[in-house]
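The file input-v4.tsv comes next; it holds TSV, C-alpha atoms (C1' of nucleotides).
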```tsv
chain	number	residue	atom	x	y	z
H	10	MET	CA	155.67	52.13	71.79
H	11	LYS	CA	153.37	55.02	72.57
H	12	TRP	CA	150.76	56.21	70.14
H	13	GLN	CA	152.29	59.66	70.33
H	14	ASP	CA	155.45	58.38	68.66
H	15	LEU	CA	153.41	57.61	65.56
H	16	ASN	CA	153.17	61.29	64.69
H	17	SER	CA	156.69	61.23	63.33
H	18	GLU	CA	156.07	58.23	61.08
H	19	PRO	CA	155.94	58.96	57.37
H	20	CYS	CA	152.58	57.20	56.93
H	21	SER	CA	149.53	59.42	57.24
H	22	VAL	CA	147.44	56.59	58.63
H	23	ALA	CA	149.96	56.17	61.45
H	24	ARG	CA	149.98	59.92	62.03
H	25	THR	CA	146.22	59.96	62.23
H	26	LEU	CA	146.40	57.15	64.77
H	27	SER	CA	148.70	59.29	66.86
H	28	VAL	CA	145.67	61.56	67.26
H	29	ILE	CA	142.69	59.18	67.45
H	30	GLY	CA	144.38	55.87	68.24
H	31	GLU	CA	144.24	56.14	72.02
H	32	ARG	CA	141.55	54.30	73.88
H	33	TRP	CA	138.41	56.48	74.35
H	34	THR	CA	139.43	59.27	72.00
H	35	VAL	CA	137.06	58.27	69.20
H	36	LEU	CA	134.18	57.94	71.64
H	37	ILE	CA	134.89	61.38	73.10
H	38	LEU	CA	134.91	62.67	69.55
H	39	ARG	CA	131.57	61.02	68.86
H	40	GLU	CA	130.11	62.87	71.84
H	41	CYS	CA	131.60	66.14	70.58
H	42	PHE	CA	129.73	65.68	67.32
H	43	ARG	CA	126.59	65.27	69.42
H	44	ASN	CA	127.38	68.65	70.99
H	45	VAL	CA	128.51	67.32	74.33
H	46	ALA	CA	131.07	69.86	75.45
H	47	ARG	CA	131.60	69.66	79.20
H	48	PHE	CA	133.76	67.44	81.38
H	49	ASP	CA	130.78	66.09	83.28
H	50	GLY	CA	128.90	65.60	80.06
H	51	PHE	CA	131.53	63.29	78.68
H	52	GLU	CA	131.75	61.43	81.95
H	53	ALA	CA	128.00	60.93	82.17
H	54	SER	CA	127.48	59.77	78.62
H	55	LEU	CA	130.56	57.56	78.34
H	56	GLY	CA	131.22	56.28	81.86
H	57	ILE	CA	134.88	57.03	81.31
H	58	PRO	CA	137.16	57.28	84.37
H	59	ARG	CA	137.73	60.93	85.26
H	60	ALA	CA	141.51	60.56	85.27
H	61	ILE	CA	141.55	59.24	81.72
H	62	LEU	CA	139.05	61.80	80.53
H	63	ALA	CA	141.24	64.60	81.85
H	64	LEU	CA	144.29	63.16	80.07
H	65	ARG	CA	142.46	62.64	76.78
H	66	LEU	CA	140.89	66.07	76.72
H	67	LYS	CA	144.27	67.62	77.41
H	68	SER	CA	145.94	65.74	74.57
H	69	MET	CA	143.06	66.41	72.19
H	70	VAL	CA	143.51	70.11	72.90
H	71	GLU	CA	147.27	69.78	72.42
H	72	VAL	CA	146.97	68.17	69.00
H	73	GLY	CA	144.48	70.81	67.99
H	74	ILE	CA	141.24	68.93	67.47
H	75	LEU	CA	139.53	70.45	70.50
H	76	GLU	CA	139.63	73.92	71.99
H	77	LYS	CA	139.04	74.59	75.66
H	78	THR	CA	137.04	77.72	76.32
H	79	GLN	CA	135.63	79.40	79.41
H	80	ASP	CA	131.89	79.19	79.82
H	81	LEU	CA	130.80	82.81	79.68
H	82	THR	CA	128.05	82.50	82.27
H	83	HIS	CA	129.94	80.44	84.84
H	84	ALA	CA	133.57	81.08	85.70
H	85	GLY	CA	135.28	77.81	86.47
H	86	ARG	CA	133.19	75.96	83.90
H	87	PHE	CA	134.64	75.04	80.54
H	88	ASN	CA	133.58	73.96	77.10
H	89	TYR	CA	135.53	71.66	74.86
H	90	VAL	CA	134.60	72.46	71.30
H	91	LEU	CA	135.77	71.00	68.01
H	92	THR	CA	138.23	72.96	65.94
H	93	GLU	CA	138.08	72.77	62.15
H	94	LYS	CA	140.76	70.10	62.35
H	95	GLY	CA	138.47	68.23	64.70
H	96	TRP	CA	135.41	68.66	62.49
H	97	ASP	CA	137.43	67.25	59.63
H	98	LEU	CA	137.54	63.95	61.49
H	99	ARG	CA	133.83	63.56	60.97
H	100	PRO	CA	134.20	61.53	57.76
H	101	VAL	CA	136.33	59.04	59.67
H	102	ILE	CA	133.67	58.53	62.33
H	103	LEU	CA	130.88	58.46	59.74
H	104	THR	CA	132.71	55.82	57.77
H	105	MET	CA	133.11	53.78	60.93
H	106	LEU	CA	129.39	54.20	61.59
H	107	VAL	CA	128.52	52.96	58.11
H	108	TRP	CA	130.76	49.92	58.51
H	109	GLY	CA	129.31	49.14	61.92
H	110	ASP	CA	125.77	49.37	60.58
H	111	LYS	CA	126.61	46.98	57.78
H	112	HIS	CA	128.70	44.43	59.65
H	113	MET	CA	128.05	44.71	63.36
H	114	ALA	CA	124.43	45.75	63.74
H	115	ALA	CA	121.88	43.70	65.60
H	116	GLY	CA	118.76	44.58	63.68
H	117	ALA	CA	117.95	48.11	62.66
H	118	PRO	CA	120.70	50.72	62.99
H	119	PRO	CA	120.14	52.86	66.10
H	120	MET	CA	121.24	56.08	64.43
H	121	LEU	CA	120.59	57.36	60.94
H	122	ILE	CA	122.55	59.84	58.86
H	123	LYS	CA	120.53	62.73	57.49
H	124	HIS	CA	121.93	64.93	54.75
H	125	LYS	CA	120.48	68.34	55.52
H	126	PRO	CA	120.69	69.86	52.01
H	127	CYS	CA	118.54	67.15	50.44
H	128	ASN	CA	116.82	66.05	53.65
H	129	HIS	CA	117.28	62.35	52.93
H	130	ILE	CA	118.43	59.57	55.21
H	131	ILE	CA	121.57	58.39	53.46
H	132	THR	CA	124.50	56.03	53.57
H	133	PRO	CA	127.52	58.09	52.53
H	134	VAL	CA	129.85	56.51	50.00
H	135	LEU	CA	133.41	57.29	48.98
H	136	HIS	CA	133.47	59.11	45.69
H	137	CYS	CA	136.11	59.83	43.08
H	138	PRO	CA	136.12	63.56	42.31
H	139	GLU	CA	137.85	62.93	38.97
H	140	CYS	CA	135.59	60.44	37.28
H	141	GLU	CA	132.55	61.09	39.48
H	142	THR	CA	131.87	57.48	40.37
H	143	THR	CA	131.57	55.56	43.59
H	144	ILE	CA	134.86	54.09	44.73
H	145	LEU	CA	134.97	50.33	45.12
H	146	ASN	CA	137.47	48.87	47.56
H	147	THR	CA	139.21	46.78	44.96
H	148	GLU	CA	139.57	49.68	42.54
H	149	ILE	CA	141.97	51.65	44.71
H	150	LYS	CA	145.70	51.37	44.68
H	151	VAL	CA	147.84	53.21	47.19
H	152	VAL	CA	151.17	54.06	45.58
H	153	ARG	CA	154.38	55.66	46.73
H	154	ASN	CA	154.60	59.35	45.92
H	155	ARG	CA	157.35	59.54	43.30
H	156	ASP	CA	157.70	63.27	43.89
H	157	LEU	CA	159.46	62.39	47.09
H	158	GLU	CA	162.36	60.90	45.14
H	159	HIS	CA	163.14	63.65	42.62
H	160	GLN	CA	162.05	66.78	44.35
H	161	LYS	CA	163.01	70.11	42.80
H	162	THR	CA	162.50	72.21	45.88
Q	11	MET	CA	136.36	48.44	80.27
Q	12	LYS	CA	137.65	46.22	77.49
Q	13	TRP	CA	137.23	47.11	73.86
Q	14	GLN	CA	135.49	43.79	73.33
Q	15	ASP	CA	132.61	44.90	75.54
Q	16	LEU	CA	131.84	47.62	73.03
Q	17	ASN	CA	130.41	45.09	70.61
Q	18	SER	CA	127.22	44.93	72.63
Q	19	GLU	CA	126.73	48.70	72.69
Q	20	PRO	CA	123.89	49.99	70.56
Q	21	CYS	CA	126.11	52.54	68.79
Q	22	SER	CA	127.67	51.34	65.55
Q	23	VAL	CA	130.72	53.50	66.08
Q	24	ALA	CA	131.36	51.76	69.39
Q	25	ARG	CA	130.80	48.40	67.76
Q	26	THR	CA	133.27	49.23	65.05
Q	27	LEU	CA	135.75	50.21	67.74
Q	28	SER	CA	135.31	46.78	69.29
Q	29	VAL	CA	136.91	45.51	66.09
Q	30	ILE	CA	139.51	48.13	65.16
Q	31	GLY	CA	139.90	50.02	68.44
Q	32	GLU	CA	142.70	47.90	69.88
Q	33	ARG	CA	146.24	49.17	69.65
Q	34	TRP	CA	147.97	47.96	66.47
Q	35	THR	CA	144.88	46.59	64.75
Q	36	VAL	CA	144.56	49.44	62.27
Q	37	LEU	CA	148.24	49.21	61.41
Q	38	ILE	CA	147.98	45.48	60.82
Q	39	LEU	CA	145.02	46.22	58.59
Q	40	ARG	CA	147.03	48.78	56.66
Q	41	GLU	CA	149.65	46.13	55.97
Q	42	CYS	CA	146.95	43.70	54.84
Q	43	PHE	CA	145.83	46.22	52.24
Q	44	ARG	CA	149.45	46.30	51.07
Q	45	ASN	CA	149.25	42.52	50.63
Q	46	VAL	CA	151.35	41.63	53.63
Q	47	ALA	CA	149.91	38.32	54.75
Q	48	ARG	CA	152.40	36.44	56.90
Q	49	PHE	CA	153.24	36.61	60.60
Q	50	ASP	CA	156.84	37.52	59.94
Q	51	GLY	CA	155.77	40.04	57.36
Q	52	PHE	CA	153.69	41.96	59.88
Q	53	GLU	CA	156.45	41.76	62.43
Q	54	ALA	CA	159.07	43.04	60.04
Q	55	SER	CA	157.07	45.94	58.65
Q	56	LEU	CA	155.52	47.08	61.93
Q	57	GLY	CA	158.02	46.21	64.63
Q	58	ILE	CA	155.14	44.91	66.71
Q	59	PRO	CA	155.92	42.56	69.62
Q	60	ARG	CA	155.26	38.97	68.56
Q	61	ALA	CA	153.02	38.25	71.53
Q	62	ILE	CA	150.72	41.13	70.69
Q	63	LEU	CA	150.74	40.29	67.00
Q	64	ALA	CA	149.63	36.74	67.76
Q	65	LEU	CA	146.79	38.03	69.95
Q	66	ARG	CA	145.64	40.60	67.41
Q	67	LEU	CA	145.68	38.23	64.47
Q	68	LYS	CA	143.68	35.74	66.47
Q	69	SER	CA	141.02	38.27	67.41
Q	70	MET	CA	140.91	39.69	63.88
Q	71	VAL	CA	140.18	36.18	62.65
Q	72	GLU	CA	137.57	35.71	65.37
Q	73	VAL	CA	135.66	38.85	64.45
Q	74	GLY	CA	135.78	37.83	60.82
Q	75	ILE	CA	137.90	40.49	59.15
Q	76	LEU	CA	140.82	38.12	58.45
Q	77	GLU	CA	140.97	34.52	57.43
Q	78	LYS	CA	143.88	32.25	58.29
Q	79	THR	CA	144.82	29.87	55.51
Q	80	GLN	CA	147.54	27.29	54.99
Q	81	ASP	CA	150.23	28.24	52.56
Q	82	LEU	CA	149.88	25.63	49.82
Q	83	THR	CA	153.58	25.29	49.12
Q	84	HIS	CA	154.81	25.24	52.72
Q	85	ALA	CA	153.03	23.33	55.45
Q	86	GLY	CA	153.38	25.19	58.72
Q	87	ARG	CA	153.26	28.50	56.97
Q	88	PHE	CA	150.10	30.58	57.01
Q	89	ASN	CA	148.51	33.47	55.23
Q	90	TYR	CA	146.22	35.98	56.84
Q	91	VAL	CA	143.97	37.37	54.16
Q	92	LEU	CA	141.20	39.92	54.30
Q	93	THR	CA	137.61	38.73	54.19
Q	94	GLU	CA	134.99	40.85	52.50
Q	95	LYS	CA	134.13	42.25	55.91
Q	96	GLY	CA	137.78	43.20	56.23
Q	97	TRP	CA	137.95	44.74	52.76
Q	98	ASP	CA	134.96	46.84	53.69
Q	99	LEU	CA	137.10	48.57	56.30
Q	100	ARG	CA	139.14	50.11	53.53
Q	101	PRO	CA	137.07	53.31	53.40
Q	102	VAL	CA	137.80	53.84	57.09
Q	103	ILE	CA	141.57	53.59	56.56
Q	104	LEU	CA	141.41	55.70	53.39
Q	105	THR	CA	139.48	58.39	55.22
Q	106	MET	CA	142.11	58.36	57.95
Q	107	LEU	CA	144.80	58.64	55.29
Q	108	VAL	CA	143.09	61.65	53.75
Q	109	TRP	CA	142.79	63.36	57.11
Q	110	GLY	CA	146.42	62.66	57.95
Q	111	ASP	CA	147.57	64.06	54.64
Q	112	LYS	CA	145.60	67.22	55.23
Q	113	HIS	CA	146.33	67.83	58.89
Q	114	MET	CA	149.41	65.88	59.94
Q	115	ALA	CA	151.67	65.79	56.91
Q	116	ALA	CA	155.19	67.17	56.90
Q	117	GLY	CA	155.50	68.22	53.29
Q	118	ALA	CA	154.32	66.06	50.44
Q	119	PRO	CA	152.17	63.04	51.29
Q	120	PRO	CA	154.25	59.84	51.18
Q	121	MET	CA	151.51	57.75	49.61
Q	122	LEU	CA	149.01	58.64	46.91
Q	123	ILE	CA	145.62	57.15	46.16
Q	124	LYS	CA	145.13	56.00	42.59
Q	125	HIS	CA	141.65	55.22	41.27
Q	126	LYS	CA	142.25	52.40	38.83
Q	127	PRO	CA	139.14	52.87	36.66
Q	128	CYS	CA	140.04	56.45	35.74
Q	129	ASN	CA	143.75	56.17	36.45
Q	130	HIS	CA	143.87	59.45	38.36
Q	131	ILE	CA	145.57	60.30	41.63
Q	132	ILE	CA	142.62	61.35	43.75
Q	133	THR	CA	141.48	62.48	47.16
Q	134	PRO	CA	138.29	60.53	47.89
Q	135	VAL	CA	135.38	62.50	49.27
Q	136	LEU	CA	132.20	61.46	51.06
Q	137	HIS	CA	129.27	61.61	48.69
Q	138	CYS	CA	125.51	61.68	49.11
Q	139	PRO	CA	123.95	58.99	46.89
Q	140	GLU	CA	120.59	60.75	47.00
Q	141	CYS	CA	121.41	64.25	45.83
Q	142	GLU	CA	124.75	63.37	44.25
Q	143	THR	CA	126.76	66.06	45.98
Q	144	THR	CA	129.83	66.09	48.18
Q	145	ILE	CA	129.00	65.86	51.85
Q	146	LEU	CA	130.19	68.74	54.02
Q	147	ASN	CA	130.81	68.06	57.68
Q	148	THR	CA	128.33	70.65	58.87
Q	149	GLU	CA	125.59	69.39	56.57
Q	150	ILE	CA	125.19	66.06	58.32
Q	151	LYS	CA	122.89	65.33	61.20
Q	152	VAL	CA	122.93	62.00	62.95
Q	153	VAL	CA	119.45	61.25	64.26
Q	154	ARG	CA	117.91	58.51	66.33
Q	155	ASN	CA	116.20	55.84	64.24
Q	156	ARG	CA	112.50	56.32	64.97
Q	157	ASP	CA	111.74	52.86	63.66
Q	158	LEU	CA	113.23	51.51	66.85
Q	159	GLU	CA	110.37	52.98	68.86
Q	160	HIS	CA	107.32	51.77	66.92
Q	161	GLN	CA	108.48	48.58	65.33
Q	162	LYS	CA	105.91	46.40	63.60
Q	163	THR	CA	107.98	43.25	63.55
M	11	DA	C1'	128.67	84.92	106.82
M	12	DT	C1'	128.42	80.03	106.69
M	13	DT	C1'	126.97	75.93	104.58
M	14	DC	C1'	125.61	73.28	100.36
M	15	DT	C1'	126.06	71.98	95.75
M	16	DT	C1'	128.08	71.53	91.36
M	17	DA	C1'	131.99	71.43	88.07
M	18	DA	C1'	136.46	70.12	87.04
M	19	DG	C1'	139.96	68.15	88.15
M	20	DT	C1'	143.92	65.29	90.99
M	21	DT	C1'	145.72	61.42	93.73
M	22	DC	C1'	146.44	56.82	94.74
M	23	DA	C1'	146.35	51.81	95.21
M	24	DC	C1'	145.17	48.15	92.27
M	25	DT	C1'	144.48	45.64	87.88
M	26	DT	C1'	145.18	44.91	83.14
M	27	DT	C1'	147.76	45.31	79.11
M	28	DC	C1'	152.07	46.00	76.58
M	29	DT	C1'	156.84	45.10	75.73
M	30	DG	C1'	161.25	42.73	74.54
M	31	DA	C1'	163.91	38.89	75.01
M	32	DA	C1'	164.41	34.20	75.22
M	33	DC	C1'	162.48	29.72	74.42
M	34	DT	C1'	159.60	26.02	71.68
M	35	DT	C1'	157.86	23.38	67.93
M	36	DG	C1'	157.42	21.99	63.32
M	37	DT	C1'	158.86	22.39	58.42
M	38	DC	C1'	161.94	22.49	54.59
M	39	DA	C1'	166.69	22.56	52.42
M	40	DA	C1'	171.48	21.22	52.12
C	8	DT	C1'	171.23	15.17	60.68
C	9	DT	C1'	172.22	19.60	60.96
C	10	DG	C1'	170.80	24.27	60.16
C	11	DA	C1'	167.70	27.81	59.24
C	12	DC	C1'	163.21	29.72	59.14
C	13	DA	C1'	158.31	30.44	60.27
C	14	DA	C1'	155.02	30.84	63.74
C	15	DG	C1'	154.17	30.93	67.83
C	16	DT	C1'	154.48	30.84	73.50
C	17	DT	C1'	156.33	32.23	78.03
C	18	DC	C1'	157.71	35.36	81.35
C	19	DA	C1'	159.26	39.29	84.11
C	20	DG	C1'	159.27	44.16	84.19
C	21	DA	C1'	157.09	48.63	82.49
C	22	DA	C1'	153.30	51.32	81.18
C	23	DA	C1'	148.52	52.38	81.00
C	24	DG	C1'	143.78	52.00	82.64
C	25	DT	C1'	140.41	51.86	86.53
C	26	DG	C1'	137.37	53.29	90.50
C	27	DA	C1'	137.00	55.54	94.62
C	28	DA	C1'	138.10	59.19	97.44
C	29	DC	C1'	139.94	63.73	97.85
C	30	DT	C1'	140.71	68.84	96.37
C	31	DT	C1'	139.68	73.38	94.79
C	32	DA	C1'	136.84	77.01	93.37
C	33	DA	C1'	132.54	79.32	92.15
C	34	DG	C1'	127.52	80.19	92.89
C	35	DA	C1'	123.33	79.42	95.36
C	36	DA	C1'	120.72	78.72	99.56
C	37	DT	C1'	119.97	79.48	104.66
```
Spit out the file's structure as structure tokens when you get a sec.
Amino acid sequence: MKWQDLNSEPCSVARTLSVIGERWTVLILRECFRNVARFDGFEASLGIPRAILALRLKSMVEVGILEKTQDLTHAGRFNYVLTEKGWDLRPVILTMLVWGDKHMAAGAPPMLIKHKPCNHIITPVLHCPECETTILNTEIKVVRNRDLEHQKT
Amino acid sequence: MKWQDLNSEPCSVARTLSVIGERWTVLILRECFRNVARFDGFEASLGIPRAILALRLKSMVEVGILEKTQDLTHAGRFNYVLTEKGWDLRPVILTMLVWGDKHMAAGAPPMLIKHKPCNHIITPVLHCPECETTILNTEIKVVRNRDLEHQKT
DNA sequence: ATTCTTAAGTTCACTTTCTGAACTTGTCAA
DNA sequence: TTGACAAGTTCAGAAAGTGAACTTAAGAAT
């Protein structure tokens, strides 16, 4: 089974994996959030094989999380920049960062998350927009959408 | 490069990938959150090759996100249950679910997230515990931890 | 004008991992 | 004691990943 096939699964987690499930993709994304944008930049900071990098960048553009643009000052030089769809993956990476800090860190966390509006170093938490409380893992239930069974459309 | 090697990287995102970056691992985890616990259960719901499933379950136990326990009623039957470290990955999967619903869904989302304390169907958001506001993607800056440079330990 | 350098790939032989099917081992149930 | 099931293991072929060398094109230097 290829990861690509997951994009036709009903489950949204599987569909998300069809985009970020491939080896290296999440790390490329991490570099994008650090404003790395060029082919050589990704190669230098990740040590990824060029062949794989070319494949991943192409598929990331195809699924719409990156956009490939000409560098205005140098023809034949390109920038890979996040689309809004790509930016929206930031919570996923941040959540992974938080988990890694808590469960995988050796000593102090190497990177800190700063919330610019309040200027604090923070650990983001999942929040319920209805009751305005922090979501605990055991307090969530994922249920089948009953609208799917008796749709009126 | 093997995913396992990532667990000695300084970056917590890379370290998290050393745990959930392998093919299939996230999907196995999804099934765990749905209370699937047995070898055959994973195989039936995922269609994963048995050889891979055996490898993944073993490594998930090794890294401490699953625990393998004897079924009390049937010797020779086992349950793979989430540890607290494993439960803590739930925000990562939920965040992926939210992204998939927003950007990859074909029509209505198949699964809904119910917050048991308030009994609402919700879309969790990342929240800043300092200023008590919703975190926007562009309002986050990930910075190097300066404590690493002038440590007093 | 020719050579040098840099960026962004591609190609290719080799290695590792994944896959599906068949086989094994140890319960439990009839 | 035979049959079915659960939880693996084994193995050969297919797919994906890897590192090094090669290609192509634009600018810069000589």
Once chain Q has been least-squares superposed onto chain H, matching all their Cα atoms in order, can you return it as a short mmCIF file (atom, residue, chain, number, x, y, z; two decimals) with C-alpha atoms, keeping the file's coordinate frame?
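Saved the output as out.cif:
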```
data_model
loop_
_atom_site.label_atom_id
_atom_site.label_comp_id
_atom_site.auth_asym_id
_atom_site.auth_seq_id
_atom_site.Cartn_x
_atom_site.Cartn_y
_atom_site.Cartn_z
CA MET Q 11 155.71 52.08 71.70
CA LYS Q 12 153.43 54.98 72.54
CA TRP Q 13 150.79 56.20 70.16
CA GLN Q 14 152.35 59.65 70.32
CA ASP Q 15 155.49 58.36 68.62
CA LEU Q 16 153.41 57.60 65.55
CA ASN Q 17 153.18 61.27 64.71
CA SER Q 18 156.70 61.20 63.34
CA GLU Q 19 156.08 58.20 61.09
CA PRO Q 20 155.95 58.96 57.39
CA CYS Q 21 152.59 57.19 56.94
CA SER Q 22 149.54 59.42 57.25
CA VAL Q 23 147.47 56.59 58.64
CA ALA Q 24 149.96 56.17 61.47
CA ARG Q 25 149.98 59.90 62.04
CA THR Q 26 146.22 59.96 62.23
CA LEU Q 27 146.40 57.15 64.76
CA SER Q 28 148.71 59.29 66.87
CA VAL Q 29 145.68 61.55 67.27
CA ILE Q 30 142.69 59.19 67.44
CA GLY Q 31 144.38 55.87 68.23
CA GLU Q 32 144.24 56.16 72.01
CA ARG Q 33 141.53 54.32 73.87
CA TRP Q 34 138.42 56.48 74.34
CA THR Q 35 139.44 59.28 71.99
CA VAL Q 36 137.07 58.28 69.20
CA LEU Q 37 134.20 57.95 71.65
CA ILE Q 38 134.89 61.39 73.09
CA LEU Q 39 134.91 62.68 69.54
CA ARG Q 40 131.57 61.03 68.86
CA GLU Q 41 130.11 62.88 71.83
CA CYS Q 42 131.59 66.15 70.57
CA PHE Q 43 129.72 65.69 67.30
CA ARG Q 44 126.58 65.29 69.41
CA ASN Q 45 127.36 68.67 70.98
CA VAL Q 46 128.49 67.33 74.32
CA ALA Q 47 131.07 69.85 75.44
CA ARG Q 48 131.59 69.66 79.19
CA PHE Q 49 133.74 67.43 81.37
CA ASP Q 50 130.77 66.08 83.27
CA GLY Q 51 128.89 65.60 80.05
CA PHE Q 52 131.55 63.28 78.66
CA GLU Q 53 131.75 61.43 81.94
CA ALA Q 54 128.02 60.92 82.15
CA SER Q 55 127.50 59.76 78.59
CA LEU Q 56 130.59 57.56 78.33
CA GLY Q 57 131.24 56.25 81.82
CA ILE Q 58 134.91 57.01 81.28
CA PRO Q 59 137.17 57.26 84.35
CA ARG Q 60 137.74 60.92 85.21
CA ALA Q 61 141.51 60.58 85.25
CA ILE Q 62 141.58 59.24 81.72
CA LEU Q 63 139.07 61.80 80.51
CA ALA Q 64 141.24 64.61 81.84
CA LEU Q 65 144.29 63.18 80.07
CA ARG Q 66 142.47 62.65 76.78
CA LEU Q 67 140.90 66.08 76.70
CA LYS Q 68 144.26 67.63 77.39
CA SER Q 69 145.96 65.76 74.56
CA MET Q 70 143.06 66.42 72.18
CA VAL Q 71 143.52 70.11 72.88
CA GLU Q 72 147.28 69.79 72.41
CA VAL Q 73 146.98 68.17 69.00
CA GLY Q 74 144.49 70.83 67.98
CA ILE Q 75 141.25 68.94 67.45
CA LEU Q 76 139.53 70.49 70.49
CA GLU Q 77 139.61 73.93 71.98
CA LYS Q 78 139.02 74.60 75.66
CA THR Q 79 137.00 77.73 76.32
CA GLN Q 80 135.59 79.41 79.40
CA ASP Q 81 131.87 79.17 79.82
CA LEU Q 82 130.75 82.79 79.66
CA THR Q 83 128.01 82.47 82.25
CA HIS Q 84 129.90 80.36 84.79
CA ALA Q 85 133.52 81.01 85.66
CA GLY Q 86 135.23 77.73 86.43
CA ARG Q 87 133.16 75.93 83.88
CA PHE Q 88 134.62 75.02 80.52
CA ASN Q 89 133.56 73.96 77.08
CA TYR Q 90 135.52 71.67 74.84
CA VAL Q 91 134.59 72.47 71.28
CA LEU Q 92 135.76 71.02 68.01
CA THR Q 93 138.23 72.98 65.92
CA GLU Q 94 138.08 72.78 62.15
CA LYS Q 95 140.76 70.12 62.33
CA GLY Q 96 138.47 68.23 64.68
CA TRP Q 97 135.41 68.68 62.48
CA ASP Q 98 137.42 67.26 59.62
CA LEU Q 99 137.56 63.96 61.48
CA ARG Q 100 133.84 63.57 60.97
CA PRO Q 101 134.21 61.54 57.76
CA VAL Q 102 136.34 59.04 59.68
CA ILE Q 103 133.66 58.54 62.35
CA LEU Q 104 130.87 58.46 59.74
CA THR Q 105 132.73 55.82 57.77
CA MET Q 106 133.11 53.78 60.94
CA LEU Q 107 129.39 54.21 61.60
CA VAL Q 108 128.55 52.96 58.12
CA TRP Q 109 130.77 49.92 58.53
CA GLY Q 110 129.30 49.13 61.93
CA ASP Q 111 125.78 49.37 60.59
CA LYS Q 112 126.63 46.98 57.80
CA HIS Q 113 128.71 44.43 59.66
CA MET Q 114 128.07 44.70 63.39
CA ALA Q 115 124.45 45.73 63.75
CA ALA Q 116 121.88 43.69 65.64
CA GLY Q 117 118.76 44.58 63.72
CA ALA Q 118 117.95 48.11 62.68
CA PRO Q 119 120.70 50.72 63.01
CA PRO Q 120 120.15 52.87 66.12
CA MET Q 121 121.25 56.09 64.46
CA LEU Q 122 120.59 57.38 60.96
CA ILE Q 123 122.54 59.86 58.88
CA LYS Q 124 120.52 62.74 57.51
CA HIS Q 125 121.92 64.95 54.76
CA LYS Q 126 120.48 68.36 55.54
CA PRO Q 127 120.70 69.88 52.04
CA CYS Q 128 118.53 67.17 50.48
CA ASN Q 129 116.81 66.08 53.67
CA HIS Q 130 117.29 62.38 52.95
CA ILE Q 131 118.42 59.58 55.23
CA ILE Q 132 121.55 58.41 53.46
CA THR Q 133 124.48 56.04 53.57
CA PRO Q 134 127.52 58.10 52.54
CA VAL Q 135 129.84 56.53 50.01
CA LEU Q 136 133.42 57.30 48.99
CA HIS Q 137 133.46 59.13 45.70
CA CYS Q 138 136.10 59.84 43.08
CA PRO Q 139 136.14 63.58 42.30
CA GLU Q 140 137.86 62.94 38.98
CA CYS Q 141 135.58 60.45 37.29
CA GLU Q 142 132.56 61.11 39.49
CA THR Q 143 131.88 57.50 40.38
CA THR Q 144 131.58 55.57 43.61
CA ILE Q 145 134.86 54.11 44.75
CA LEU Q 146 134.97 50.33 45.13
CA ASN Q 147 137.45 48.87 47.57
CA THR Q 148 139.21 46.78 44.96
CA GLU Q 149 139.55 49.69 42.55
CA ILE Q 150 141.95 51.64 44.73
CA LYS Q 151 145.70 51.37 44.69
CA VAL Q 152 147.83 53.21 47.19
CA VAL Q 153 151.16 54.06 45.59
CA ARG Q 154 154.36 55.66 46.77
CA ASN Q 155 154.58 59.35 45.93
CA ARG Q 156 157.30 59.54 43.29
CA ASP Q 157 157.71 63.25 43.90
CA LEU Q 158 159.48 62.35 47.11
CA GLU Q 159 162.36 60.86 45.15
CA HIS Q 160 163.15 63.63 42.65
CA GLN Q 161 162.08 66.76 44.42
CA LYS Q 162 162.98 70.09 42.86
CA THR Q 163 162.46 72.17 45.96
#
```
Report as a ChimeraX atom specification the set of chain C residues whose atoms approach chain H to within 12 Å, with distances computed over only C-alpha atoms (C1' of nucleotides). /C:21-27,31-34
Counting only C-alpha atoms (C1' of nucleotides), what is within 10 Å of M:DC14, bar same-chain residues fewer than 2 positions away, as a list in words?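 The contact residues come out as DT12 and DT16 of chain M; DA35, DA36 and DT37 of chain C.
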Would you write out, as CSV, a table of all residues in chain Q that have an atom no more than 6 Å from an atom of chain H, listing for each the closest atom pair and the distance in Å to one decimal, considering all atoms listed in the file and ordering rows by chain and rising residue number?
```
residue,atom,partner,partner_atom,distance
Q:Ser22,CA,H:Gly109,CA,4.6
Q:Val23,CA,H:Leu106,CA,4.7
Q:Thr26,CA,H:Gly109,CA,5.0
Q:Val102,CA,H:Thr104,CA,5.5
Q:Thr105,CA,H:Val101,CA,5.5
Q:Met106,CA,H:Val22,CA,5.7
Q:Leu107,CA,H:Val22,CA,4.7
Q:Gly110,CA,H:Ser21,CA,4.5
Q:Asp111,CA,H:Ser21,CA,5.7
Q:Pro120,CA,H:Asn154,CA,5.3
Q:Met121,CA,H:Arg153,CA,4.6
Q:Leu122,CA,H:Val152,CA,5.2
Q:Ile123,CA,H:Val151,CA,4.6
Q:Lys124,CA,H:Lys150,CA,5.1
Q:His125,CA,H:Ile149,CA,5.0
Q:Lys126,CA,H:Glu148,CA,5.3
Q:Pro134,CA,H:Cys137,CA,5.3
Q:Val135,CA,H:His136,CA,5.3
Q:Leu136,CA,H:Leu135,CA,4.8
Q:His137,CA,H:Val134,CA,5.3
Q:Cys138,CA,H:Pro133,CA,5.4
Q:Glu149,CA,H:Lys125,CA,5.3
Q:Ile150,CA,H:His124,CA,5.0
Q:Lys151,CA,H:Lys123,CA,5.1
Q:Val152,CA,H:Ile122,CA,4.6
Q:Val153,CA,H:Leu121,CA,5.2
Q:Arg154,CA,H:Met120,CA,4.5
Q:Asn155,CA,H:Met120,CA,5.0
```
Chain M near chain Q within 7 Å: what's each residue's closest atom pair and its distance in Å to one decimal, counting all atoms listed in the file, ordered by chain then ascending residue number, as JSON lines?
```
{"residue": "M:DT29", "atom": "C1'", "partner": "Q:Pro59", "partner_atom": "CA", "distance": 6.7}
{"residue": "M:DG36", "atom": "C1'", "partner": "Q:Gly86", "partner_atom": "CA", "distance": 6.9}
{"residue": "M:DT37", "atom": "C1'", "partner": "Q:Gly86", "partner_atom": "CA", "distance": 6.2}
```
